[in-house]
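Next comes work-v9.csv, a file with CSV, C-alpha atoms and all ligand atoms.
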chain,number,residue,atom,x,y,z
A,9,MET,CA,88.8,125.8,134.4
A,10,THR,CA,92.5,125.7,134.8
A,11,LEU,CA,94.3,122.6,133.5
A,12,THR,CA,97.7,121.1,133.3
A,13,LEU,CA,98.2,119.2,130.0
A,14,ARG,CA,100.9,116.6,129.5
A,15,VAL,CA,101.0,116.2,125.7
A,16,TRP,CA,103.1,113.8,123.6
A,17,ARG,CA,105.2,115.9,121.2
A,18,GLN,CA,107.1,114.2,118.4
A,19,LYS,CA,108.4,116.2,115.4
A,20,ASP,CA,108.3,113.3,113.0
A,21,PRO,CA,108.6,109.5,113.0
A,22,SER,CA,112.4,109.7,112.8
A,23,VAL,CA,112.9,111.4,116.1
A,24,LYS,CA,112.2,110.4,119.7
A,25,GLY,CA,109.1,111.9,121.2
A,26,GLY,CA,108.3,112.9,124.8
A,27,ILE,CA,105.8,114.4,127.1
A,28,VAL,CA,105.7,118.2,127.3
A,29,THR,CA,103.7,120.0,130.1
A,30,TYR,CA,101.5,123.0,129.4
A,31,GLU,CA,99.3,125.1,131.7
A,32,LEU,CA,96.0,126.3,130.3
A,33,ALA,CA,93.5,128.8,131.9
A,34,ASP,CA,90.0,129.9,131.1
A,35,ILE,CA,88.7,126.7,129.7
A,36,SER,CA,84.9,126.4,129.6
A,37,PRO,CA,83.3,123.2,130.7
A,38,ASP,CA,81.1,123.5,127.6
A,39,MET,CA,84.1,123.3,125.2
A,40,SER,CA,84.8,120.1,123.4
A,41,PHE,CA,88.1,118.4,124.0
A,42,LEU,CA,89.3,119.4,120.5
A,43,GLU,CA,88.2,123.0,121.2
A,44,MET,CA,90.4,122.9,124.3
A,45,LEU,CA,93.3,121.7,122.1
A,46,ASP,CA,92.5,124.6,119.7
A,47,VAL,CA,93.0,127.0,122.7
A,48,LEU,CA,96.3,125.4,123.5
A,49,ASN,CA,97.4,125.7,119.9
A,50,GLU,CA,96.4,129.4,119.8
A,51,GLN,CA,98.5,129.9,122.9
A,52,LEU,CA,101.5,128.0,121.3
A,53,ILE,CA,101.2,129.9,118.0
A,54,LEU,CA,101.1,133.3,119.8
A,55,GLY,CA,104.1,132.3,121.8
A,56,GLY,CA,106.0,131.4,118.6
A,57,ASP,CA,105.9,127.6,119.2
A,58,ASP,CA,104.8,124.8,117.0
A,59,PRO,CA,101.1,123.9,117.5
A,60,VAL,CA,100.2,120.3,118.5
A,61,ALA,CA,99.3,118.2,115.5
A,62,PHE,CA,96.1,116.2,115.9
A,63,ASP,CA,93.6,114.6,113.5
A,64,HIS,CA,90.0,115.8,113.2
A,65,ASP,CA,87.4,116.5,110.5
A,66,CYS,CA,83.7,116.4,111.1
A,67,ARG,CA,83.8,117.2,114.9
A,68,GLU,CA,80.4,115.6,115.0
A,69,GLY,CA,81.3,112.0,115.9
A,70,ILE,CA,80.7,110.6,112.5
A,71,CYS,CA,83.9,110.6,110.4
A,72,GLY,CA,86.3,108.6,112.6
A,73,MET,CA,89.3,111.0,112.1
A,74,CYS,CA,89.8,112.1,115.7
A,75,GLY,CA,91.2,110.0,118.4
A,76,VAL,CA,93.8,110.3,121.2
A,77,MET,CA,94.6,108.5,124.4
A,78,ILE,CA,93.4,110.6,127.3
A,79,ASN,CA,94.7,109.6,130.7
A,80,GLY,CA,95.4,106.2,129.3
A,81,GLN,CA,91.9,105.7,127.8
A,82,ALA,CA,91.0,105.7,124.1
A,83,HIS,CA,88.9,108.8,123.5
A,84,GLY,CA,89.0,109.5,127.3
A,85,PRO,CA,86.6,108.9,130.2
A,86,GLU,CA,83.3,108.7,128.2
A,87,GLN,CA,82.4,106.2,125.5
A,88,THR,CA,82.4,108.6,122.7
A,89,THR,CA,84.7,110.2,120.1
A,90,THR,CA,87.4,112.7,121.2
A,91,CYS,CA,85.5,115.4,119.3
A,92,GLN,CA,82.3,114.7,121.2
A,93,LEU,CA,84.0,114.6,124.6
A,94,HIS,CA,83.4,117.8,126.6
A,95,MET,CA,85.5,119.4,129.2
A,96,ARG,CA,82.7,119.0,131.8
A,97,SER,CA,84.0,115.5,132.1
A,98,PHE,CA,87.0,116.9,133.9
A,99,LYS,CA,87.5,119.0,137.0
A,100,ASP,CA,89.1,122.4,137.5
A,101,GLY,CA,92.8,121.8,138.4
A,102,ASP,CA,93.0,118.4,136.6
A,103,THR,CA,96.1,117.1,135.0
A,104,ILE,CA,95.3,115.5,131.7
A,105,THR,CA,97.8,113.3,129.8
A,106,ILE,CA,97.3,113.2,126.0
A,107,GLU,CA,99.0,110.6,123.8
A,108,PRO,CA,98.6,109.3,120.3
A,109,TRP,CA,97.1,105.8,119.6
A,110,ARG,CA,99.7,103.3,120.6
A,111,ALA,CA,100.1,100.5,118.0
A,112,SER,CA,103.0,99.5,115.8
A,113,ALA,CA,100.5,99.3,112.9
A,114,PHE,CA,99.6,102.9,113.5
A,115,PRO,CA,103.0,104.7,113.3
A,116,VAL,CA,103.1,108.3,114.7
A,117,ILE,CA,103.2,110.9,111.9
A,118,LYS,CA,103.6,113.9,114.2
A,119,ASP,CA,102.6,114.6,117.9
A,120,LEU,CA,99.1,113.1,118.3
A,121,ALA,CA,98.5,112.2,114.6
A,122,VAL,CA,99.0,108.6,113.5
A,123,ASP,CA,99.0,106.8,110.2
A,124,ARG,CA,95.9,104.6,110.0
A,125,ARG,CA,96.2,103.6,106.4
A,126,ALA,CA,96.5,100.0,107.6
A,127,PHE,CA,92.7,100.1,108.0
A,128,ASP,CA,92.3,101.2,104.4
A,129,ARG,CA,94.3,98.3,103.2
A,130,ILE,CA,92.2,95.9,105.3
A,131,ILE,CA,89.1,97.3,103.5
A,132,GLN,CA,90.8,97.0,100.1
A,133,ALA,CA,91.5,93.4,100.9
A,134,GLY,CA,87.7,92.6,100.9
A,135,GLY,CA,85.5,95.2,102.6
A,136,TYR,CA,83.3,95.8,99.5
A,137,ILE,CA,80.6,94.1,97.4
A,138,SER,CA,80.7,93.5,93.6
A,139,ALA,CA,76.9,93.7,93.2
A,140,PRO,CA,75.9,96.8,91.1
A,141,THR,CA,74.1,99.1,93.5
A,142,GLY,CA,72.6,101.8,91.2
A,143,THR,CA,69.9,103.9,92.7
A,144,ALA,CA,68.1,102.8,95.9
A,145,PRO,CA,65.8,99.8,94.9
A,146,GLU,CA,62.3,99.3,96.1
A,147,ALA,CA,62.6,98.3,99.7
A,148,HIS,CA,60.7,95.0,99.4
A,149,SER,CA,62.4,93.7,96.3
A,150,VAL,CA,65.1,91.9,98.4
A,151,PRO,CA,63.6,90.9,101.7
A,152,VAL,CA,66.0,91.0,104.7
A,153,PRO,CA,65.0,89.6,108.1
A,154,LYS,CA,64.6,92.5,110.6
A,155,LYS,CA,67.1,91.0,113.0
A,156,ASP,CA,69.7,90.7,110.3
A,157,ALA,CA,69.1,94.2,109.0
A,158,ASP,CA,69.4,95.6,112.6
A,159,ALA,CA,72.6,93.7,113.3
A,160,ALA,CA,74.1,94.7,109.9
A,161,PHE,CA,73.2,98.4,110.6
A,162,ASP,CA,74.7,98.2,114.1
A,163,ALA,CA,78.0,96.8,112.7
A,164,ALA,CA,78.0,99.4,109.9
A,165,THR,CA,78.1,102.2,112.4
A,166,CYS,CA,81.8,101.5,112.9
A,167,ILE,CA,83.6,104.8,111.9
A,168,GLY,CA,87.1,103.2,111.7
A,169,CYS,CA,88.6,105.6,114.3
A,170,GLY,CA,91.0,102.9,115.7
A,171,ALA,CA,90.0,103.2,119.3
A,172,CYS,CA,89.6,99.4,119.4
A,173,VAL,CA,93.2,98.9,118.4
A,174,ALA,CA,94.5,101.6,120.8
A,175,ALA,CA,92.5,100.1,123.8
A,176,CYS,CA,93.5,96.5,123.1
A,177,PRO,CA,96.6,95.3,125.0
A,178,ASN,CA,97.4,93.2,121.9
A,179,ALA,CA,96.8,96.2,119.5
A,180,SER,CA,94.4,93.9,117.7
A,181,SER,CA,92.2,95.2,114.9
A,182,MET,CA,89.7,92.3,115.2
A,183,LEU,CA,86.7,94.5,116.2
A,184,PHE,CA,87.2,96.8,113.2
A,185,THR,CA,87.6,93.9,110.8
A,186,ALA,CA,84.7,92.0,112.4
A,187,ALA,CA,82.4,95.0,112.1
A,188,LYS,CA,83.1,95.2,108.3
A,189,VAL,CA,82.8,91.5,107.8
A,190,THR,CA,79.5,91.4,109.8
A,191,HIS,CA,77.8,94.3,108.1
A,192,LEU,CA,78.4,93.0,104.6
A,193,GLY,CA,78.1,89.3,105.5
A,194,LEU,CA,74.6,89.7,106.9
A,195,MET,CA,73.2,91.3,103.7
A,196,PRO,CA,72.1,89.4,100.6
A,197,GLN,CA,74.4,91.7,98.5
A,198,GLY,CA,77.4,90.6,100.5
A,199,GLN,CA,77.1,86.9,99.9
A,200,PRO,CA,79.1,86.5,96.6
A,201,GLU,CA,82.4,87.5,98.3
A,202,ARG,CA,81.6,86.4,101.8
A,203,ASP,CA,84.2,83.6,102.1
A,204,ASP,CA,86.9,85.4,100.2
A,205,ARG,CA,86.2,88.6,102.1
A,206,VAL,CA,86.8,87.2,105.6
A,207,VAL,CA,89.9,85.2,104.6
A,208,ASN,CA,91.5,88.1,102.8
A,209,MET,CA,90.7,90.8,105.4
A,210,VAL,CA,92.0,88.6,108.3
A,211,ALA,CA,95.2,87.8,106.3
A,212,GLN,CA,95.7,91.6,105.6
A,213,GLN,CA,95.2,92.6,109.3
A,214,ASP,CA,97.9,90.0,110.2
A,215,ARG,CA,100.2,91.4,107.4
A,216,GLU,CA,99.8,94.9,108.9
A,217,GLY,CA,101.1,93.7,112.2
A,218,PHE,CA,98.0,94.0,114.4
A,219,GLY,CA,98.0,91.6,117.3
A,220,GLY,CA,95.7,88.6,117.8
A,221,CYS,CA,92.3,88.9,119.7
A,222,THR,CA,92.3,87.2,123.1
A,223,ASN,CA,88.7,88.3,123.9
A,224,ILE,CA,89.6,90.9,126.5
A,225,GLY,CA,86.8,93.2,125.4
A,226,GLU,CA,88.5,96.6,125.9
A,227,CYS,CA,87.8,97.2,122.2
A,228,SER,CA,84.1,97.1,122.5
A,229,ALA,CA,84.1,99.0,125.9
A,230,SER,CA,86.0,101.9,124.3
A,231,CYS,CA,84.3,101.9,120.9
A,232,PRO,CA,82.4,105.2,120.5
A,233,LYS,CA,79.7,103.3,118.5
A,234,GLY,CA,79.5,100.4,120.9
A,235,ILE,CA,80.3,97.7,118.3
A,236,SER,CA,79.6,94.4,119.9
A,237,MET,CA,82.0,91.5,120.6
A,238,GLU,CA,79.3,89.4,118.9
A,239,THR,CA,80.7,90.7,115.5
A,240,ILE,CA,84.0,88.9,116.4
A,241,SER,CA,82.1,85.6,116.9
A,242,ARG,CA,80.5,86.1,113.5
A,243,LEU,CA,83.9,86.7,111.9
A,244,ASN,CA,85.4,83.6,113.5
A,245,HIS,CA,82.3,81.6,112.4
A,246,ASP,CA,82.7,82.8,108.8
A,247,LEU,CA,86.5,82.4,108.8
A,248,LEU,CA,86.3,78.7,110.0
A,249,GLY,CA,83.6,78.0,107.4
A,250,ALA,CA,85.6,79.5,104.6
A,251,LEU,CA,88.9,77.8,105.6
A,252,ARG,CA,87.1,74.4,105.8
A,253,ALA,CA,85.7,75.0,102.3
A,254,GLY,CA,89.3,75.4,101.1
A,255,VAL,CA,89.3,79.2,100.6
A,256,ARG,CA,92.8,80.7,101.0
A,257,PRO,CA,94.0,84.3,101.1
A,258,LYS,CA,95.3,86.0,98.0
A,259,SER,CA,99.1,86.4,98.2
A,301,LIG,S1,86.3,114.6,114.1
A,301,LIG,FE1,84.9,113.2,113.0
A,301,LIG,S2,84.5,111.7,114.5
A,301,LIG,FE2,85.7,113.1,115.6
As C-alpha cells:
Amino acid sequence: MTLTLRVWRQKDPSVKGGIVTYELADISPDMSFLEMLDVLNEQLILGGDDPVAFDHDCREGICGMCGVMINGQAHGPEQTTTCQLHMRSFKDGDTITIEPWRASAFPVIKDLAVDRRAFDRIIQAGGYISAPTGTAPEAHSVPVPKKDADAAFDAATCIGCGACVAACPNASSMLFTAAKVTHLGLMPQGQPERDDRVVNMVAQQDREGFGGCTNIGECSASCPKGISMETISRLNHDLLGALRAGVRPKS
C-alpha cells in the first residue's frame, strides 16, 4: 500500500505544533498501525530527521499505553486499540491524519505522546481497596452474585487508555472513573470505601480539568473494551447516595 500521512509534530509543550505530511510506500495490509508508524520512523531516521514520538508498550491491546486520533476517531475506524488496528482497515492511496488525544487534562509531551498522569491521580483519590488481599482465597468463601461478578469484571477490563476522553466533545473522563467505581463498588471487598471512593474520584476528575458528562455516548462507542454507559449510571447512583449521606471530598 502507498499512503499519505498527515502527522501532528510538536517538539515539546512550549512550542506550537502543526501537521506535517509524509509519503509512505510498501506498507503491508497485515502490519499493525504502530508497525506502519515504525516504518515511517525508520524512514525519518535514515533521512536524518527526528522520529515521531508515540506511546506504546504491550502492542497486544492490554496495557492502555497506545492511543492516537486517526482521521478524527480515537484509535481509528475499528473499536480496538491503536496497536490492534491493522492496515487492512485502510485502502491503498489513502490519506491518514494522525493526531494526539485532544484534552487540556492530557497535555502534549511530544508529537503524538500525551501526559495521562491525571488518570493516575484519579485512581490515587480512591480507586483502591483497603481489605488485605493476600493469596487467592477459596472461591466460595465470599459469595458474589454471578451478575455482579460479571458486571464487575466487564468494568475491570478498562485499560485506562484515554480514548473515552479523546472521543468526548466535553473531554470528560466519566467513563474511565465510572469503570473504576463500578468494578470495586460491585465487590464485597470494595464496600468499606465505597462512598468516599466515588466522592473523591469525581472531585479529583473535576480538579484535573476534565469536562462534565452530557450522555453523548462517544466514550463507550470508541472504548476498545466496550465499557458500558451503564457504569456511569452506577457512578451517579453511588455519588448521589454518598452526598445525601453527608460524605464530602477530601480537600
Ligand atoms: S500498546 Fe498496550 S494496549 Fe496498545
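Using all atoms listed in the file, residues with at least one atom at most 6 Å away from any atom of ligand LIG 301 (chain A) are His64, Asp65, Cys66, Arg67, Glu68, Gly69, Ile70, Cys71, Gly72, Met73, Cys74, Thr89, Thr90 and Cys91 of chain A.
Going from atom CA of Met39 of chain A to atom CA of Gln92 of chain A covers 9.7 Å.
Nearest to Ala159 of chain A of all the residues A:Glu238, A:Glu146, A:Asp119, A:Asp203 is A:Glu238, counting only C-alpha atoms.
Distance annotation: of A:Asn208, A:Gln213, A:Thr12, A:Ser180, the residue with the minimal separation from Arg125 of chain A is A:Gln213; atom set is all atoms listed in the file.
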>> I'd like the interatomic distance between atom CA of Thr103 of chain A and atom CA of Ile27 of chain A, to a tenth of an Å.
In response: 12.8 Å
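Take the candidates A:Cys231, A:Arg202, A:Pro153, A:Ser112 and check each one against Phe218 of chain A using all atoms listed in the file; the shortest distance goes to A:Ser112.
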>> Residues within 10 Å of (90.4, 123.6, 117.5), file coordinates, counting only C-alpha atoms: what are they? Give the list as an NGL selection string.
In response: :A and (39-50 or 62 or 64 or 67 or 91)
>> Give me the residues near Pro232 of chain A as an MDAnalysis selection string, where near means some atom within 9 Å (using only C-alpha atoms) and where sequence neighbours in that chain fewer than 6 positions away do not count.
In response: chainID A and resid 69 83 86:89 166:167 169 171
>> Between A:Cys176, A:Ala121, A:Val152, A:Ile53, which residue has the minimum interatomic distance to Ala229 of chain A, considering all atoms listed in the file?
In response: A:Cys176
